[in-house]
file input-v9.cif (mmCIF, C-alpha atoms)
data_protein
loop_
_atom_site.label_atom_id
_atom_site.label_comp_id
_atom_site.auth_asym_id
_atom_site.auth_seq_id
_atom_site.Cartn_x
_atom_site.Cartn_y
_atom_site.Cartn_z
CA MET A 1 111.89 204.62 67.95
CA THR A 2 114.40 206.51 65.78
CA PHE A 3 113.81 208.70 62.74
CA ASP A 4 116.04 208.50 59.69
CA LEU A 5 116.44 212.04 58.32
CA PRO A 6 116.91 211.08 54.63
CA THR A 7 113.81 208.88 54.78
CA LEU A 8 111.82 211.70 56.38
CA ARG A 9 112.97 214.06 53.64
CA VAL A 10 111.72 211.70 50.95
CA THR A 11 108.42 211.23 52.80
CA SER A 12 107.99 215.00 53.17
CA ALA A 13 108.81 215.45 49.50
CA LEU A 14 106.08 212.96 48.53
CA ILE A 15 103.49 214.70 50.71
CA ILE A 16 104.36 218.19 49.48
CA GLY A 17 104.56 216.96 45.90
CA PHE A 18 101.05 215.53 46.13
CA VAL A 19 99.69 218.88 47.34
CA GLY A 20 101.60 220.70 44.59
CA LEU A 21 100.20 218.42 41.90
CA LEU A 22 96.70 218.80 43.34
CA MET A 23 97.01 222.59 43.14
CA MET A 24 98.32 222.32 39.58
CA VAL A 25 95.37 220.16 38.51
CA LEU A 26 92.84 222.45 40.19
CA ASN A 27 94.47 225.46 38.57
CA ARG A 28 94.15 223.82 35.14
CA GLY A 29 90.50 223.02 35.79
CA ARG A 30 89.37 226.46 36.96
CA PRO A 31 85.89 227.39 35.70
CA ASP A 32 87.13 230.73 34.26
CA GLY A 33 89.60 228.85 32.08
CA ALA A 34 92.60 230.71 33.51
CA SER A 35 95.75 228.70 33.99
CA GLY A 36 99.50 228.95 33.62
CA ASP A 37 101.05 232.10 35.07
CA THR A 38 98.45 232.53 37.80
CA PRO A 39 99.05 232.76 41.57
CA LEU A 40 97.73 229.24 42.12
CA GLY A 41 99.92 227.84 39.35
CA LEU A 42 103.02 229.58 40.71
CA TRP A 43 102.28 228.41 44.24
CA ALA A 44 102.02 224.87 42.90
CA ALA A 45 105.32 225.33 41.06
CA ALA A 46 106.93 226.59 44.28
CA LEU A 47 105.89 223.41 46.09
CA LEU A 48 107.20 221.19 43.30
CA VAL A 49 110.54 223.05 43.18
CA GLY A 50 110.77 222.59 46.94
CA VAL A 51 110.18 218.87 46.47
CA VAL A 52 113.12 218.68 44.06
CA GLY A 53 115.22 220.57 46.59
CA LEU A 54 114.39 218.07 49.32
CA LEU A 55 115.17 215.11 47.09
CA VAL A 56 118.47 216.64 45.95
CA GLY A 57 119.44 217.05 49.58
CA SER A 58 118.87 213.34 50.12
CA LEU A 59 120.22 211.80 46.92
CA ILE A 60 123.29 213.85 45.90
CA PRO A 61 126.62 213.49 47.75
CA ALA A 62 128.00 216.33 49.87
CA PRO A 63 128.83 219.17 49.50
CA ALA A 64 126.87 219.52 46.25
CA ASP A 65 123.72 218.34 48.04
CA ARG A 66 123.56 221.36 50.33
CA LEU A 67 124.57 223.78 47.59
CA LEU A 68 121.90 222.72 45.09
CA SER A 69 119.25 221.87 47.68
CA ASN A 70 119.47 225.30 49.31
CA ALA A 71 119.35 227.02 45.92
CA LEU A 72 116.19 225.14 44.94
CA LEU A 73 114.52 225.73 48.30
CA LEU A 74 115.36 229.42 48.03
CA LEU A 75 113.88 229.48 44.52
CA ALA A 76 110.71 227.89 45.93
CA SER A 77 110.45 230.76 48.45
CA ALA A 78 111.01 233.27 45.64
CA LEU A 79 108.25 231.67 43.55
CA SER A 80 105.88 231.87 46.52
CA TRP A 81 106.65 235.57 46.91
CA THR A 82 106.07 236.14 43.18
CA ALA A 83 102.75 234.30 43.39
CA ALA A 84 101.74 236.53 46.30
CA ARG A 85 102.62 239.63 44.24
CA ILE A 86 100.42 238.45 41.36
CA PHE A 87 97.63 237.55 43.78
CA GLY A 88 97.82 241.12 45.06
CA GLY A 89 97.53 242.50 41.53
CA ARG A 90 101.18 243.50 41.16
CA ALA A 91 103.63 242.57 38.43
CA PRO A 92 106.37 240.02 39.18
CA ILE A 93 109.98 241.16 39.56
CA LEU A 94 111.86 238.47 37.69
CA PHE A 95 115.40 239.58 38.53
CA ALA A 96 114.55 239.65 42.23
CA MET A 97 112.88 236.24 41.98
CA VAL A 98 115.94 234.51 40.50
CA GLY A 99 118.51 236.87 42.01
CA GLY A 100 118.47 235.28 45.45
CA PRO A 101 119.14 231.68 44.33
CA VAL A 102 121.76 232.78 41.77
CA ALA A 103 123.54 235.00 44.31
CA TRP A 104 123.52 232.11 46.77
CA LEU A 105 125.16 229.76 44.27
CA ILE A 106 127.84 232.32 43.38
CA LEU A 107 128.63 233.14 46.99
CA ALA A 108 128.65 229.53 48.12
CA VAL A 109 131.06 228.55 45.33
CA ALA A 110 133.28 231.62 45.63
CA LEU A 111 133.37 231.62 49.43
CA PRO A 112 133.48 228.03 50.71
CA ALA A 113 133.88 229.30 54.28
CA LEU A 114 130.61 231.23 54.04
CA ASP A 115 128.29 230.88 57.03
CA TRP A 116 125.73 228.84 55.09
CA PRO A 117 122.95 228.50 57.68
CA ALA A 118 122.83 232.22 58.49
CA VAL A 119 122.82 233.35 54.86
CA ILE A 120 120.32 230.85 53.47
CA ASN A 121 117.91 231.24 56.38
CA GLY A 122 118.16 235.03 56.24
CA ALA A 123 117.31 234.96 52.54
CA GLY A 124 114.40 232.59 53.17
CA ALA A 125 113.08 234.92 55.88
CA ALA A 126 113.30 237.87 53.47
CA TYR A 127 111.32 236.14 50.72
CA THR A 128 108.71 234.90 53.21
CA ALA A 129 108.34 238.37 54.75
CA LEU A 130 107.89 239.86 51.27
CA ALA A 131 105.15 237.33 50.53
CA LEU A 132 103.47 238.29 53.81
CA LEU A 133 103.64 241.98 52.81
CA GLU A 134 101.98 241.24 49.46
CA LEU A 135 99.09 239.40 51.14
CA TRP A 136 98.82 242.24 53.66
CA ARG A 137 97.93 244.53 50.76
CA CYS A 138 94.88 242.35 50.03
CA ARG A 139 93.20 243.15 53.37
CA PRO A 140 90.52 245.41 51.82
CA GLU A 141 89.06 242.36 50.08
CA ARG A 142 88.23 240.87 53.52
CA LEU A 143 88.88 237.29 52.44
CA PRO A 144 88.16 234.97 55.41
CA ALA A 145 91.27 232.82 54.91
CA LEU A 146 93.65 235.79 54.56
CA PRO A 147 94.45 236.25 58.30
CA LEU A 148 95.35 232.57 58.59
CA ALA A 149 97.64 232.78 55.54
CA MET A 150 99.40 235.84 56.95
CA ALA A 151 99.80 234.21 60.37
CA MET A 152 101.35 231.11 58.81
CA LEU A 153 103.79 233.20 56.76
CA ALA A 154 104.72 235.29 59.81
CA THR A 155 105.43 232.14 61.84
CA HIS A 156 107.52 230.63 59.05
CA ALA A 157 109.53 233.85 58.63
CA ALA A 158 110.15 233.99 62.39
CA ILE A 159 111.49 230.43 62.36
CA TYR A 160 113.79 231.34 59.49
CA LEU A 161 115.10 234.31 61.50
CA ILE A 162 115.69 232.18 64.59
CA ARG A 163 117.65 229.69 62.53
CA ALA A 164 119.66 232.53 60.96
CA GLY A 165 120.47 233.91 64.42
CA GLN A 166 121.59 230.51 65.63
CA GLY A 167 123.83 230.24 62.58
CA LEU A 168 125.46 233.60 63.29
CA GLN A 169 126.04 232.69 66.93
CA HIS A 170 127.13 229.14 66.08
CA ALA A 171 124.77 228.02 68.83
CA PRO A 172 124.58 224.27 69.48
CA THR A 173 121.36 222.54 68.48
CA TRP A 174 119.68 219.55 70.05
CA PRO A 175 119.73 216.29 68.06
CA GLY A 176 116.11 216.52 66.91
CA THR A 177 116.39 220.04 65.49
CA GLU A 178 116.68 219.01 61.85
CA ILE A 179 113.72 216.66 62.15
CA ALA A 180 111.60 219.30 63.89
CA LEU A 181 112.45 221.88 61.23
CA LEU A 182 111.65 219.42 58.46
CA LEU A 183 108.27 218.67 60.01
CA GLU A 184 107.56 222.39 60.41
CA GLY A 185 108.46 223.02 56.78
CA THR A 186 106.23 220.18 55.63
CA LEU A 187 103.27 221.34 57.71
CA HIS A 188 103.77 224.90 56.48
CA ALA A 189 103.90 223.85 52.82
CA VAL A 190 100.85 221.59 53.05
CA GLY A 191 98.87 224.03 55.21
CA MET A 192 99.64 226.98 52.93
CA GLY A 193 98.65 224.91 49.92
CA PHE A 194 95.14 224.36 51.24
CA VAL A 195 94.83 227.91 52.59
CA LEU A 196 95.81 229.31 49.20
CA LEU A 197 93.22 227.12 47.52
CA ALA A 198 90.69 228.60 49.93
CA LEU A 199 91.86 232.15 49.17
CA THR A 200 91.50 231.58 45.44
CA ALA A 201 88.00 230.14 45.85
CA GLU A 202 86.96 233.00 48.17
CA ARG A 203 88.17 235.63 45.73
CA THR A 204 86.42 233.93 42.79
CA SER A 205 83.18 233.72 44.76
CA ALA A 206 83.40 237.34 45.95
CA ARG A 207 84.01 238.65 42.43
CA ALA A 208 81.18 236.54 41.01
CA THR A 209 78.82 237.88 43.66
CA ALA A 210 79.92 241.45 42.96
CA GLY A 211 79.30 240.88 39.25
CA LEU A 212 75.79 239.61 39.91
CA ARG A 213 75.06 242.64 42.09
CA ARG A 214 76.21 245.00 39.33
CA GLN A 215 73.98 243.20 36.81
CA ALA A 216 71.04 243.40 39.21
CA LEU A 217 71.58 247.13 39.65
CA VAL A 218 71.74 247.64 35.88
#
call {"tool": "encode", "arguments": {"input": "input-v9.cif", "output": "structure tokens"}}
result
Amino acid sequence: MTFDLPTLRVTSALIIGFVGLLMMVLNRGRPDGASGDTPLGLWAAALLVGVVGLLVGSLIPAPADRLLSNALLLLASALSWTAARIFGGRAPILFAMVGGPVAWLILAVALPALDWPAVINGAGAAYTALALLELWRCRPERLPALPLAMAMLATHAAIYLIRAGQGLQHAPTWPGTEIALLLEGTLHAVGMGFVLLALTAERTSARATAGLRRQALV
């Protein structure tokens, strides 16, 4: 049995896109009426941007496919980091969010001989590590799903770093590497989607309970 990489990319895009749309719908239907520029909405947007990146990598001829696909996937990582900042109660840094993808496009066009795998994976690891740091700041809330979210981000960042190191060393990869990485990325995106839904629900419940306790004390 053989796996066709473009077909797997489209399949992964459909799965991730479904989770992203689900998060978007749930964000719109929140009982507090909040929607739009919320962590859940940005996380959903990150998944949908990643879907476009996967589809671009499958449908557009080379070398534009890798150029645009990597830029969109990097933007998805930046959106996830921004969502984590907002979840932690901190303001987004817009120039840092778009700076990575824009810098990548400029460098890739200006320096065609650039070591693409090392640079793009290093940038992805940086954004993922920053998202992990933002969630780390939320530890005092003691949300049950928070350790799982941080563990998933740490694993994903480590994989990015390994890929960046292989790119720097120009190490040979076994034939199934791209498929394995695609599956890991899909599992990470889908898993994080459901974990983030759990985090949002846990925070809403905890704050509602705290509000009821304050009213009872009054």
call {"tool": "residues_around", "arguments": {"input": "input-v9.cif", "residues": "range 10-23 of chain A", "least_positions_apart": "4", "cutoff": "9 Å", "atoms": "only C-alpha atoms", "output": "count of residues only"}}
result
30
call {"tool": "atom_distance", "arguments": {"input": "input-v9.cif", "atom1": "CA of Ala208 in chain A", "atom2": "CA of Arg142 in chain A"}}
result
15.0 Å
call {"tool": "resolve_selection", "arguments": {"input": "input-v9.cif", "expression": "the PyMOL selection byres ((chain A and resi 126-135) around 8)", "output": "PyMOL selection string"}}
result
chain A and resi 77-78+80-82+84-85+87-88+122-125+136-139+146+150+153-154+156-157
call {"tool": "residues_around", "arguments": {"input": "input-v9.cif", "residues": "range 95-100 of chain A", "least_positions_apart": "2", "cutoff": "7 Å", "atoms": "only C-alpha atoms", "output": "PyMOL selection string"}}
result
chain A and resi 75+78-79+82+93+102-104
call {"tool": "atom_distance", "arguments": {"input": "input-v9.cif", "atom1": "CA of Ile106 in chain A", "atom2": "CA of Gln166 in chain A"}}
result
23.2 Å
call {"tool": "atom_distance", "arguments": {"input": "input-v9.cif", "atom1": "CA of Val25 in chain A", "atom2": "CA of Thr200 in chain A"}}
result
13.9 Å
call {"tool": "closest_residue", "arguments": {"input": "input-v9.cif", "among": "A:Glu141, A:Leu148, A:Ala201, A:Leu67", "to": "Leu111 in chain A", "atoms": "only C-alpha atoms"}}
result
A:Leu67
call {"tool": "closest_residue", "arguments": {"input": "input-v9.cif", "among": "A:Leu217, A:Ala110, A:Ala145, A:Ile120", "to": "Leu161 in chain A", "atoms": "all atoms listed in the file"}}
result
A:Ile120
call {"tool": "closest_residue", "arguments": {"input": "input-v9.cif", "among": "A:Gly165, A:Gly191, A:Pro39, A:Gly211", "to": "Ala118 in chain A", "atoms": "only C-alpha atoms"}}
result
A:Gly165
call {"tool": "closest_residue", "arguments": {"input": "input-v9.cif", "among": "A:Ala108, A:Thr155, A:Thr38, A:Thr204", "to": "Glu184 in chain A", "atoms": "all atoms listed in the file"}}
result
A:Thr155
call {"tool": "closest_residue", "arguments": {"input": "input-v9.cif", "among": "A:Arg163, A:Arg207, A:Arg213, A:Arg90", "to": "Glu178 in chain A", "atoms": "all atoms listed in the file"}}
result
A:Arg163
